[in-house]
file data24.txt (compact mmCIF, C-alpha atoms)
# COMPACT_ATOMS: atom_id res chain seq x y z
CA MET A 610 19.65 34.97 16.51
CA THR A 611 17.60 33.74 19.46
CA VAL A 612 14.75 31.24 19.74
CA PHE A 613 12.46 34.23 20.24
CA ASP A 614 13.60 35.72 16.91
CA ILE A 615 12.79 32.60 14.89
CA ILE A 616 9.39 32.26 16.55
CA ASN A 617 8.55 35.73 15.27
CA LEU A 618 10.15 35.25 11.86
CA PHE A 619 8.41 31.96 11.12
CA GLY A 620 5.21 32.29 13.15
CA LEU A 621 5.96 29.21 15.22
CA GLN A 622 3.53 27.98 17.86
CA VAL A 623 5.04 27.74 21.31
CA LYS A 624 3.98 24.58 23.15
CA ALA A 625 6.41 24.75 26.08
CA GLY A 626 9.49 26.50 27.44
CA ARG A 627 8.23 30.08 27.16
CA ASP A 628 10.76 31.31 29.71
CA GLN A 629 13.75 29.96 27.76
CA LEU A 630 13.27 31.84 24.50
CA HIS A 631 16.21 34.22 24.96
CA GLN A 632 18.77 31.51 24.15
CA ALA A 633 21.07 32.17 21.22
CA ILE A 634 20.95 29.62 18.40
CA THR A 635 24.38 28.26 17.45
CA GLY A 636 23.15 26.37 14.39
CA GLY A 637 20.52 23.93 13.16
CA TYR A 638 20.15 20.19 13.32
CA ALA A 639 17.55 18.22 11.34
CA SER A 640 16.95 14.55 12.07
CA ASP A 641 14.28 12.08 13.13
CA LEU A 642 16.74 9.56 14.49
CA LEU A 643 17.40 10.21 18.16
CA SER A 644 20.66 8.30 18.15
CA ASP A 645 21.91 10.58 15.39
CA VAL A 646 20.96 13.72 17.32
CA ILE A 647 22.69 12.38 20.42
CA ALA A 648 25.82 11.66 18.40
CA HIS A 649 26.09 14.77 16.23
CA SER A 650 24.08 17.77 17.44
CA GLN A 651 25.88 20.66 19.14
CA LYS A 652 25.04 22.71 22.20
CA GLY A 653 22.67 25.54 21.32
CA ASN A 654 21.38 23.95 18.08
CA ILE A 655 17.76 24.30 17.12
CA TRP A 656 16.49 20.78 16.35
CA VAL A 657 14.00 20.23 13.52
CA THR A 658 12.12 16.92 13.61
CA ILE A 659 8.82 15.08 13.16
CA GLN A 660 9.35 12.94 16.27
CA THR A 661 6.80 13.85 18.94
CA HIS A 662 7.36 11.44 21.81
CA PRO A 663 8.75 12.45 25.22
CA ASN A 664 12.26 11.14 24.57
CA ILE A 665 12.99 14.10 22.27
CA VAL A 666 12.96 16.32 25.36
CA ALA A 667 15.42 14.09 27.17
CA VAL A 668 17.74 14.24 24.16
CA ALA A 669 17.42 18.04 23.85
CA ALA A 670 18.11 18.50 27.56
CA MET A 671 21.12 16.18 27.51
CA LYS A 672 22.64 17.90 24.46
CA GLU A 673 21.68 21.38 25.78
CA LEU A 674 19.87 22.24 22.56
CA ALA A 675 18.24 25.66 22.20
CA GLY A 676 14.87 24.16 21.33
CA ILE A 677 12.87 21.70 19.25
CA ILE A 678 10.73 22.53 16.22
CA LEU A 679 8.15 19.93 15.17
CA THR A 680 7.36 20.19 11.46
CA GLY A 681 4.37 19.31 9.28
CA GLY A 682 2.04 20.71 11.96
CA ARG A 683 2.76 17.67 14.10
CA GLU A 684 1.28 17.94 17.63
CA PRO A 685 3.56 16.85 20.46
CA ASP A 686 2.33 14.13 22.85
CA LYS A 687 0.91 15.53 26.11
CA GLU A 688 3.71 13.90 28.02
CA THR A 689 6.24 15.59 25.72
CA VAL A 690 4.79 19.05 26.44
CA HIS A 691 4.81 18.33 30.16
CA LYS A 692 8.40 17.14 30.09
CA ALA A 693 9.54 20.11 27.99
CA GLN A 694 7.89 22.46 30.48
CA GLU A 695 9.68 20.73 33.34
CA GLU A 696 13.08 20.73 31.60
CA GLY A 697 12.68 24.28 30.26
CA ILE A 698 13.12 23.22 26.62
CA PRO A 699 11.33 25.43 24.07
CA LEU A 700 8.97 23.17 22.11
CA LEU A 701 7.72 24.79 18.90
CA VAL A 702 5.49 23.76 16.00
CA SER A 703 5.64 24.79 12.34
CA PRO A 704 3.08 23.86 9.68
CA LEU A 705 5.88 23.56 7.09
CA PHE A 706 7.61 20.32 6.16
CA THR A 707 11.19 19.84 7.31
CA PHE A 708 12.72 20.61 3.89
CA GLU A 709 10.94 23.95 3.55
CA LEU A 710 11.39 25.11 7.13
CA VAL A 711 15.09 24.23 7.15
CA GLY A 712 15.47 25.99 3.78
CA GLN A 713 13.99 29.16 5.27
CA LEU A 714 16.03 28.95 8.48
CA TYR A 715 19.15 28.51 6.35
CA GLU A 716 18.22 31.56 4.29
CA LYS A 717 18.13 33.57 7.53
CA GLY A 718 21.67 32.51 8.29
CA ILE A 719 21.24 29.50 10.56
CA SER A 720 23.85 26.99 9.52
CA GLY A 721 23.90 23.24 9.78
CA MET A 722 27.65 23.04 9.33
CA ASN A 723 28.42 20.91 12.34
CA PRO A 724 31.57 18.85 11.97
CA CYS A 725 30.62 15.37 10.83
CA MET B 1118 -17.82 -4.07 1.53
CA GLU B 1119 -20.03 -2.17 -0.85
CA ARG B 1120 -20.26 -4.92 -3.44
CA THR B 1121 -19.55 -8.64 -3.30
CA ASP B 1122 -17.36 -9.54 -6.17
CA ASN B 1123 -16.96 -13.29 -6.39
CA ASN B 1124 -15.15 -13.46 -9.67
CA ILE B 1125 -11.59 -13.64 -8.36
CA LEU B 1126 -9.01 -13.50 -11.13
CA ILE B 1127 -5.87 -13.57 -9.02
CA HIS B 1128 -5.51 -14.52 -5.36
CA LYS B 1129 -2.16 -14.47 -3.59
CA THR B 1130 -1.39 -14.91 0.09
CA PHE B 1131 1.76 -13.83 1.90
CA HIS B 1132 2.99 -14.62 5.38
CA ILE B 1133 4.31 -11.80 7.56
CA GLU B 1134 6.51 -12.47 10.56
CA GLY B 1135 6.02 -10.12 13.50
CA GLY B 1136 9.17 -8.31 14.61
CA ASN B 1137 11.05 -9.09 11.40
CA PHE B 1138 12.07 -5.50 10.69
CA PRO B 1139 14.79 -6.29 8.11
CA ASN B 1140 12.10 -7.84 5.91
CA ALA B 1141 9.78 -4.83 6.00
CA GLY B 1142 8.66 -3.76 2.56
CA THR B 1143 9.09 -7.15 0.89
CA ILE B 1144 5.38 -8.07 0.94
CA SER B 1145 4.37 -4.69 -0.45
CA ASP B 1146 7.01 -5.28 -3.11
CA GLN B 1147 5.48 -8.68 -4.02
CA VAL B 1148 2.04 -7.13 -4.27
CA LYS B 1149 3.39 -4.32 -6.44
CA LYS B 1150 5.10 -6.83 -8.74
CA THR B 1151 1.90 -8.85 -9.09
CA LEU B 1152 -0.10 -5.75 -10.02
CA LYS B 1153 2.58 -4.59 -12.45
CA GLU B 1154 2.61 -7.95 -14.18
CA ALA B 1155 -1.18 -7.82 -14.43
CA GLY B 1156 -0.78 -4.50 -16.23
CA PHE B 1157 -2.49 -2.06 -13.85
CA PRO B 1158 -1.76 1.66 -14.22
CA ASN B 1159 0.90 3.20 -11.98
CA SER B 1160 -1.54 5.48 -10.14
CA ILE B 1161 -3.53 2.47 -8.87
CA ILE B 1162 -0.44 0.42 -8.09
CA ARG B 1163 0.97 3.29 -6.04
CA ARG B 1164 -2.16 3.48 -3.86
CA ILE B 1165 -2.23 -0.24 -3.15
CA ALA B 1166 1.56 -0.45 -2.68
CA ILE B 1167 1.52 2.35 -0.08
CA ALA B 1168 -1.50 0.93 1.77
CA THR B 1169 0.01 -2.57 1.74
CA PHE B 1170 3.34 -1.24 3.02
CA GLU B 1171 1.57 0.37 5.97
CA ALA B 1172 -0.43 -2.79 6.68
CA GLU B 1173 2.69 -4.90 6.52
CA MET B 1174 4.48 -2.53 8.93
CA ASN B 1175 1.59 -2.79 11.37
CA VAL B 1176 1.93 -6.58 11.53
CA ILE B 1177 5.71 -6.40 11.89
CA CYS B 1178 5.50 -3.76 14.63
CA TYR B 1179 2.56 -4.99 16.66
CA ALA B 1180 1.75 -8.66 15.98
CA LYS B 1181 3.32 -12.09 16.37
CA GLN B 1182 2.49 -13.00 12.80
CA GLY B 1183 0.00 -12.30 10.09
CA GLU B 1184 -1.28 -13.20 6.68
CA LEU B 1185 -1.88 -10.75 3.87
CA SER B 1186 -3.99 -11.72 0.86
CA LEU B 1187 -4.43 -9.88 -2.41
CA PHE B 1188 -7.60 -10.46 -4.43
CA ILE B 1189 -7.88 -9.11 -7.94
CA THR B 1190 -11.37 -9.11 -9.44
CA PRO B 1191 -12.64 -7.38 -12.57
CA HIS B 1192 -13.90 -4.50 -10.46
CA SER B 1193 -11.59 -4.20 -7.51
CA LEU B 1194 -8.26 -4.75 -5.86
CA LYS B 1195 -8.75 -5.98 -2.33
CA VAL B 1196 -6.21 -6.67 0.39
CA VAL B 1197 -7.11 -8.61 3.55
CA VAL B 1198 -4.76 -8.78 6.53
CA ASP B 1199 -5.30 -10.97 9.57
CA ASP B 1200 -2.84 -10.98 12.40
CA GLU B 1201 -2.29 -12.67 15.71
CA GLY B 1202 -1.17 -10.12 18.19
CA HIS B 1203 -2.25 -7.83 20.98
CA GLY B 1204 -4.95 -6.22 18.88
CA ILE B 1205 -6.14 -2.63 19.14
CA LEU B 1206 -7.85 -1.39 22.29
CA ASP B 1207 -9.46 1.73 20.85
CA ILE B 1208 -9.92 1.78 17.07
CA ASN B 1209 -11.08 5.41 16.91
CA LEU B 1210 -7.95 6.50 18.71
CA ALA B 1211 -5.78 4.32 16.46
CA MET B 1212 -7.33 5.97 13.41
CA SER B 1213 -6.39 9.50 14.46
CA GLU B 1214 -3.29 10.97 12.82
CA GLY B 1215 -0.24 11.01 15.01
CA TYR B 1216 -1.59 8.52 17.52
CA SER B 1217 0.86 5.71 18.13
CA THR B 1218 1.65 3.05 20.68
CA ALA B 1219 5.01 2.31 19.12
CA ASP B 1220 7.94 1.92 21.46
CA GLU B 1221 11.26 3.60 20.96
CA LYS B 1222 12.84 0.70 19.11
CA ILE B 1223 10.09 0.79 16.52
CA ARG B 1224 10.31 4.57 16.18
CA GLU B 1225 14.06 4.59 15.83
CA LEU B 1226 13.71 2.22 12.90
CA GLY B 1227 11.60 4.79 11.18
CA PHE B 1228 8.27 3.16 11.90
CA GLY B 1229 5.42 4.00 14.19
CA ALA B 1230 4.75 7.66 13.50
CA GLY B 1231 1.04 7.03 13.96
CA MET B 1232 0.26 7.76 10.33
CA GLY B 1233 -0.26 4.19 9.14
CA LEU B 1234 -4.00 3.57 9.43
CA PRO B 1235 -5.03 7.09 8.33
CA ASN B 1236 -2.70 6.67 5.35
CA ILE B 1237 -4.31 3.36 4.37
CA LYS B 1238 -7.68 5.06 4.50
CA LYS B 1239 -6.43 7.99 2.46
CA ASN B 1240 -5.13 5.76 -0.34
CA THR B 1241 -8.07 3.38 -0.66
CA ASP B 1242 -11.79 3.61 -1.43
CA GLU B 1243 -12.91 1.53 1.49
CA MET B 1244 -11.34 0.24 4.64
CA ILE B 1245 -12.63 -2.04 7.39
CA LEU B 1246 -10.77 -2.58 10.63
CA THR B 1247 -11.89 -4.87 13.44
CA SER B 1248 -9.91 -6.07 16.39
CA LYS B 1249 -10.17 -8.31 19.38
CA PHE B 1250 -7.97 -6.97 22.15
CA LYS B 1251 -5.17 -9.42 23.01
CA GLN B 1252 -6.12 -11.67 20.07
CA GLY B 1253 -5.57 -9.95 16.78
CA THR B 1254 -6.65 -7.54 14.11
CA HIS B 1255 -8.54 -7.94 10.85
CA LEU B 1256 -8.02 -5.28 8.22
CA GLU B 1257 -9.30 -5.07 4.70
CA PHE B 1258 -9.10 -2.37 2.11
CA VAL B 1259 -10.31 -1.99 -1.45
CA VAL B 1260 -9.56 0.14 -4.47
CA TYR B 1261 -12.43 0.03 -6.95
CA LEU B 1262 -11.29 -0.17 -10.53
CA ASP B 1263 -14.36 1.20 -12.26
CA ARG B 1264 -13.92 4.50 -10.46
CA GLN B 1265 -10.62 5.06 -12.22
CA GLU B 1266 -10.50 7.02 -15.41
CA THR B 1267 -7.35 5.34 -16.62
CA HIS B 1268 -7.43 2.36 -18.91
CA LEU B 1269 -7.56 -0.99 -17.11
CA PRO B 1270 -6.10 -4.29 -18.26
CA PHE B 1271 -9.44 -6.12 -18.15
CA GLU B 1272 -11.43 -3.70 -20.25
CA MET C 1255 16.46 20.51 -10.85
CA THR C 1256 18.07 17.28 -12.05
CA LEU C 1257 19.93 14.67 -10.00
CA LYS C 1258 23.10 15.69 -11.79
CA GLU C 1259 22.71 19.23 -10.45
CA VAL C 1260 22.11 17.88 -6.95
CA LYS C 1261 25.27 15.84 -7.27
CA GLU C 1262 27.28 18.88 -8.33
CA ILE C 1263 25.78 21.33 -5.84
CA LEU C 1264 26.36 19.01 -2.87
CA ASN C 1265 29.49 17.35 -4.14
CA ALA C 1266 27.61 14.10 -3.68
CA GLU C 1267 28.81 10.65 -4.64
CA VAL C 1268 26.61 8.50 -6.82
CA ILE C 1269 26.21 5.10 -5.15
CA SER C 1270 24.07 3.64 -7.92
CA GLY C 1271 22.00 4.78 -10.88
CA ASP C 1272 24.78 6.64 -12.70
CA HIS C 1273 22.90 6.62 -16.00
CA ASP C 1274 19.73 8.09 -14.46
CA LEU C 1275 21.23 11.42 -13.40
CA ASN C 1276 19.23 13.40 -15.93
CA LYS C 1277 16.06 12.58 -14.01
CA GLU C 1278 14.12 15.72 -13.14
CA ILE C 1279 13.24 16.09 -9.44
CA LYS C 1280 9.68 17.25 -8.79
CA CYS C 1281 10.15 18.25 -5.17
CA ALA C 1282 12.11 17.35 -2.04
CA PHE C 1283 11.07 15.57 1.14
CA ALA C 1284 13.37 15.19 4.14
CA ALA C 1285 12.52 12.58 6.79
CA GLU C 1286 13.63 9.45 8.53
CA LEU C 1287 10.25 8.03 9.45
CA LEU C 1288 9.06 5.74 6.69
CA SER C 1289 5.43 6.23 7.52
CA ASP C 1290 5.83 9.94 6.83
CA VAL C 1291 7.56 9.18 3.57
CA LEU C 1292 4.68 6.90 2.56
CA ALA C 1293 2.02 9.36 3.67
CA LEU C 1294 3.42 12.69 2.57
CA ALA C 1295 6.16 12.43 -0.05
CA GLN C 1296 4.81 13.10 -3.51
CA GLU C 1297 5.46 11.02 -6.57
CA GLY C 1298 8.74 12.04 -8.23
CA ALA C 1299 10.20 13.49 -5.01
CA LEU C 1300 13.83 13.35 -3.95
CA LEU C 1301 14.00 11.75 -0.50
CA ILE C 1302 16.65 13.24 1.77
CA THR C 1303 17.38 10.92 4.68
CA GLY C 1304 19.95 9.43 7.01
CA PHE C 1305 18.10 6.13 7.08
CA THR C 1306 19.96 3.53 5.00
CA HIS C 1307 18.11 0.25 5.61
CA SER C 1308 16.59 -1.60 2.65
CA GLN C 1309 13.09 -0.59 3.80
CA VAL C 1310 13.76 2.95 2.64
CA VAL C 1311 14.24 1.68 -0.93
CA TYR C 1312 11.04 -0.37 -0.73
CA ALA C 1313 9.17 2.70 0.57
CA ALA C 1314 10.62 4.91 -2.17
CA ASP C 1315 9.61 2.32 -4.74
CA ALA C 1316 6.07 1.97 -3.34
CA ALA C 1317 5.61 5.75 -3.46
CA ASN C 1318 7.28 6.16 -6.89
CA LEU C 1319 9.93 8.54 -5.62
CA CYS C 1320 12.63 9.80 -7.94
CA ALA C 1321 15.79 9.08 -5.95
CA ILE C 1322 17.28 8.87 -2.45
CA LEU C 1323 19.97 11.19 -1.15
CA PHE C 1324 21.73 10.01 2.00
CA VAL C 1325 23.15 12.69 4.28
CA ARG C 1326 26.23 12.87 6.55
CA SER C 1327 28.11 10.34 4.40
CA ARG C 1328 25.71 7.52 5.22
CA TRP C 1329 26.20 4.58 2.88
CA PRO C 1330 23.79 1.65 2.44
CA ASN C 1331 25.00 -1.94 2.47
CA GLU C 1332 25.52 -4.02 -0.66
CA ALA C 1333 22.06 -5.68 -0.49
CA THR C 1334 20.33 -2.30 -0.31
CA GLN C 1335 22.39 -1.03 -3.25
CA GLN C 1336 21.44 -4.07 -5.32
CA LEU C 1337 17.79 -3.57 -4.45
CA ALA C 1338 17.97 0.06 -5.56
CA ILE C 1339 19.55 -0.94 -8.88
CA GLN C 1340 16.81 -3.50 -9.40
CA LYS C 1341 14.14 -0.89 -8.59
CA LYS C 1342 15.87 1.75 -10.72
CA ILE C 1343 16.03 4.20 -7.83
CA PRO C 1344 19.30 6.18 -7.94
CA LEU C 1345 21.15 6.48 -4.64
CA LEU C 1346 23.42 9.41 -3.78
CA SER C 1347 25.41 10.27 -0.68
CA THR C 1348 26.61 13.65 0.53
CA SER C 1349 28.88 14.52 3.42
CA TYR C 1350 26.63 17.44 4.44
CA MET C 1351 24.32 17.07 7.42
CA MET C 1352 20.60 17.00 6.69
CA PHE C 1353 20.11 20.62 7.79
CA GLU C 1354 22.81 21.95 5.49
CA THR C 1355 21.66 19.68 2.63
CA CYS C 1356 18.10 21.03 2.79
CA GLY C 1357 19.33 24.60 3.18
CA ILE C 1358 21.61 24.47 0.15
CA LEU C 1359 19.11 22.73 -2.15
CA TYR C 1360 16.37 25.15 -1.08
CA GLU C 1361 18.66 28.05 -1.83
CA TYR C 1362 19.23 26.62 -5.31
CA GLY C 1363 15.48 26.63 -5.86
CA LEU C 1364 14.41 23.04 -5.19
CA LYS C 1365 10.81 23.09 -3.99
CA THR C 1366 9.28 21.22 -1.07
CA CYS C 1367 6.57 18.60 -1.57
CA ALA C 1368 3.15 20.21 -1.20
CA LEU C 1369 1.41 19.95 2.14
CA LYS C 1370 -1.46 17.52 2.53
CA VAL C 1371 -1.82 16.50 -1.08
CA GLU C 1372 -4.37 13.76 -1.68
CA ASP C 1373 -2.38 12.47 -4.61
CA GLY C 1374 -3.50 9.49 -6.59
CA LYS C 1375 -7.06 9.92 -5.45
CA ASP C 1376 -8.13 12.88 -7.53
call {"tool": "encode", "arguments": {"input": "data24.txt", "output": "structure tokens"}}
result
Amino acid sequence: MTVFDIINLFGLQVKAGRDQLHQAITGGYASDLLSDVIAHSQKGNIWVTIQTHPNIVAVAAMKELAGIILTGGREPDKETVHKAQEEGIPLLVSPLFTFELVGQLYEKGISGMNPC
Amino acid sequence: MERTDNNILIHKTFHIEGGNFPNAGTISDQVKKTLKEAGFPNSIIRRIAIATFEAEMNVICYAKQGELSLFITPHSLKVVVDDEGHGILDINLAMSEGYSTADEKIRELGFGAGMGLPNIKKNTDEMILTSKFKQGTHLEFVVYLDRQETHLPFE
Amino acid sequence: MTLKEVKEILNAEVISGDHDLNKEIKCAFAAELLSDVLALAQEGALLITGFTHSQVVYAADAANLCAILFVRSRWPNEATQQLAIQKKIPLLSTSYMMFETCGILYEYGLKTCALKVEDGKD
């Protein structure tokens, strides 16, 4: 499954990174603690969070994540959108809360089984 | 405030130390305990406890120190918070959901998502916020008791 | 769904609140920002989080949440455990990551907290 596929499946809004949507998703990672994402996420993960500040893009770029989904309809900071555009990180928004969105992603076969 | 209510039944004041993150939640806890002991219904306690938690977090995150007072009158629960700190430059902006000036340290601790002030407003009947930039912030919020349908301890 | 079912489904360990496992969970809320928990989690919700500081117990208590489930084997310190016992908020810990935890519980039918509920003010 690619980032493009989940955008269509879940009606996600695309805020940045439109030219990077072909990336395959290796799994999912849900967390609002950046240090945790840095420590445990895997390359190609789609990251689900409510954090909106620019540092999320730096983390996603460093860990080579497939993209970021902001939940609860949270709007990213302007600076975050700008940075995501620059870094080519897909930045997406869902109106659903983290629990529900992750539940639906999981149902479609995206796993969060990263080694602890 | 909509009505002056001079008949104060309980008045408690708590000191909040700016930057003391490990202590966050303890003032809200004290307020909750006081209201529980006074016999208020859970639905009212929840509203005040959540609003107080947010107010307490604001002092810890953004001020040097502050004082939070709880006033219980026959008709209302009122909380007044005064802090010494850098104040708020643009109150309208601070009131919008998602707006935050929190730095990364604050955010990593789970605070500063920019939901605090709107959440205080959401949980209370009235809220007043004034601030002098680089001096401090004055916040007060009220839950009126006679608007509740549940049975109150003073009835 | 009860806490006991959550424990079994996720192979979770009960840190405290053993005798409260028959508590019925109204809905689930997954987050690590306390302000979001205070603003959006509904009364009676199960909080799924990786945040183990004592503030999370105070927030759960202020918002009348049902219990806290820590993910990726996170374990709170002794003081936080004592606080949770005092507040009668059961604490559980699972080795699953937050993503997997939400996915599995959702699959078993646990519902999300409703969006934008003005609870307590109706």
call {"tool": "interface_residues", "arguments": {"input": "data24.txt", "of": "chain B", "to": "chain C", "cutoff": "7 Å", "atoms": "only C-alpha atoms", "output": "PyMOL selection string"}}
result
chain B and resi 1141-1142+1146+1160+1163-1164+1166-1167+1227-1228+1230+1232-1233+1236+1240
call {"tool": "residues_near_point", "arguments": {"input": "data24.txt", "point": "(12.5, 27.1, 0.1)", "cutoff": "12 Å", "atoms": "all atoms listed in the file", "output": "count of residues only"}}
result
29
call {"tool": "residues_near_point", "arguments": {"input": "data24.txt", "point": "(9.8, 33.6, 25.0)", "cutoff": "10 Å", "atoms": "all atoms listed in the file", "output": "ChimeraX atom specification"}}
result
/A:611-614,616,623,625-632,699
call {"tool": "closest_residue", "arguments": {"input": "data24.txt", "among": "C:Gly1298, C:Glu1332, C:Pro1344, C:Arg1326", "to": "Met722 (chain A)", "atoms": "all atoms listed in the file"}}
result
C:Arg1326
call {"tool": "atom_distance", "arguments": {"input": "data24.txt", "atom1": "CA of Lys1153 (chain B)", "atom2": "CA of Glu1278 (chain C)"}}
result
23.4 Å
call {"tool": "atom_distance", "arguments": {"input": "data24.txt", "atom1": "CA of Ala1338 (chain C)", "atom2": "CA of Gly1271 (chain C)"}}
result
8.2 Å
call {"tool": "interface_residues", "arguments": {"input": "data24.txt", "of": "chain A", "to": "chain B", "cutoff": "12 Å", "atoms": "only C-alpha atoms", "output": "list in words"}}
result
Ser640, Asp641, Leu642, Leu643, Ser644, Asp645, Val646, Thr658, Ile659, Gln660, Thr661, His662, Pro663, Asn664, Ile665, Gly681, Gly682, Arg683, Glu684, Pro685, Asp686 and Lys687 of chain A
call {"tool": "residues_around", "arguments": {"input": "data24.txt", "residues": "region 702-704 of chain A", "least_positions_apart": "6", "cutoff": "6 Å", "atoms": "only C-alpha atoms", "output": "JSON, numbers by chain"}}
result
{"A": [621, 622, 678, 679, 680, 681, 682]}
call {"tool": "closest_residue", "arguments": {"input": "data24.txt", "among": "A:Gly718, A:Gly637, A:Gly676, A:Gly697", "to": "chain C", "atoms": "all atoms listed in the file"}}
result
A:Gly637
call {"tool": "atom_distance", "arguments": {"input": "data24.txt", "atom1": "CA of Ser1193 (chain B)", "atom2": "CA of Lys1150 (chain B)"}}
result
16.9 Å
call {"tool": "closest_residue", "arguments": {"input": "data24.txt", "among": "C:Ser1349, C:Asn1276, C:Gln1340, C:Asn1265", "to": "chain A", "atoms": "all atoms listed in the file"}}
result
C:Ser1349
call {"tool": "residues_around", "arguments": {"input": "data24.txt", "residues": "Asn1331 (chain C)", "least_positions_apart": "2", "cutoff": "9 Å", "atoms": "only C-alpha atoms", "output": "list in words"}}
result
Thr1306, His1307, Ser1308, Trp1329, Ala1333, Thr1334, Gln1335 and Gln1336 of chain C
call {"tool": "closest_residue", "arguments": {"input": "data24.txt", "among": "A:Ile698, A:Val668, A:Ala648, A:Ala693", "to": "chain C", "atoms": "all atoms listed in the file"}}
result
A:Ala648
call {"tool": "closest_residue", "arguments": {"input": "data24.txt", "among": "C:Leu1345, C:Ile1322, C:Ile1279, C:Leu1301", "to": "chain A", "atoms": "all atoms listed in the file"}}
result
C:Leu1301
call {"tool": "closest_residue", "arguments": {"input": "data24.txt", "among": "C:Val1260, C:Ser1327, C:Lys1342, C:Leu1337", "to": "chain A", "atoms": "all atoms listed in the file"}}
result
C:Ser1327
call {"tool": "residues_around", "arguments": {"input": "data24.txt", "residues": "region 1199-1206 of chain B", "least_positions_apart": "4", "cutoff": "6 Å", "atoms": "only C-alpha atoms", "output": "MDAnalysis selection string"}}
result
chainID B and resid 1180:1184 1248:1255
call {"tool": "write_last_selection", "arguments": {"input": "data24.txt", "atoms": "C-alpha atoms", "output": "PDB file, keeping the file's coordinate frame"}}
result
ATOM      1  CA  ALA B1180       1.750  -8.660  15.980  1.00  0.00           C
ATOM      2  CA  LYS B1181       3.320 -12.090  16.370  1.00  0.00           C
ATOM      3  CA  GLN B1182       2.490 -13.000  12.800  1.00  0.00           C
ATOM      4  CA  GLY B1183       0.000 -12.300  10.090  1.00  0.00           C
ATOM      5  CA  GLU B1184      -1.280 -13.200   6.680  1.00  0.00           C
ATOM      6  CA  SER B1248      -9.910  -6.070  16.390  1.00  0.00           C
ATOM      7  CA  LYS B1249     -10.170  -8.310  19.380  1.00  0.00           C
ATOM      8  CA  PHE B1250      -7.970  -6.970  22.150  1.00  0.00           C
ATOM      9  CA  LYS B1251      -5.170  -9.420  23.010  1.00  0.00           C
ATOM     10  CA  GLN B1252      -6.120 -11.670  20.070  1.00  0.00           C
ATOM     11  CA  GLY B1253      -5.570  -9.950  16.780  1.00  0.00           C
ATOM     12  CA  THR B1254      -6.650  -7.540  14.110  1.00  0.00           C
ATOM     13  CA  HIS B1255      -8.540  -7.940  10.850  1.00  0.00           C
TER      14      HIS B1255
END
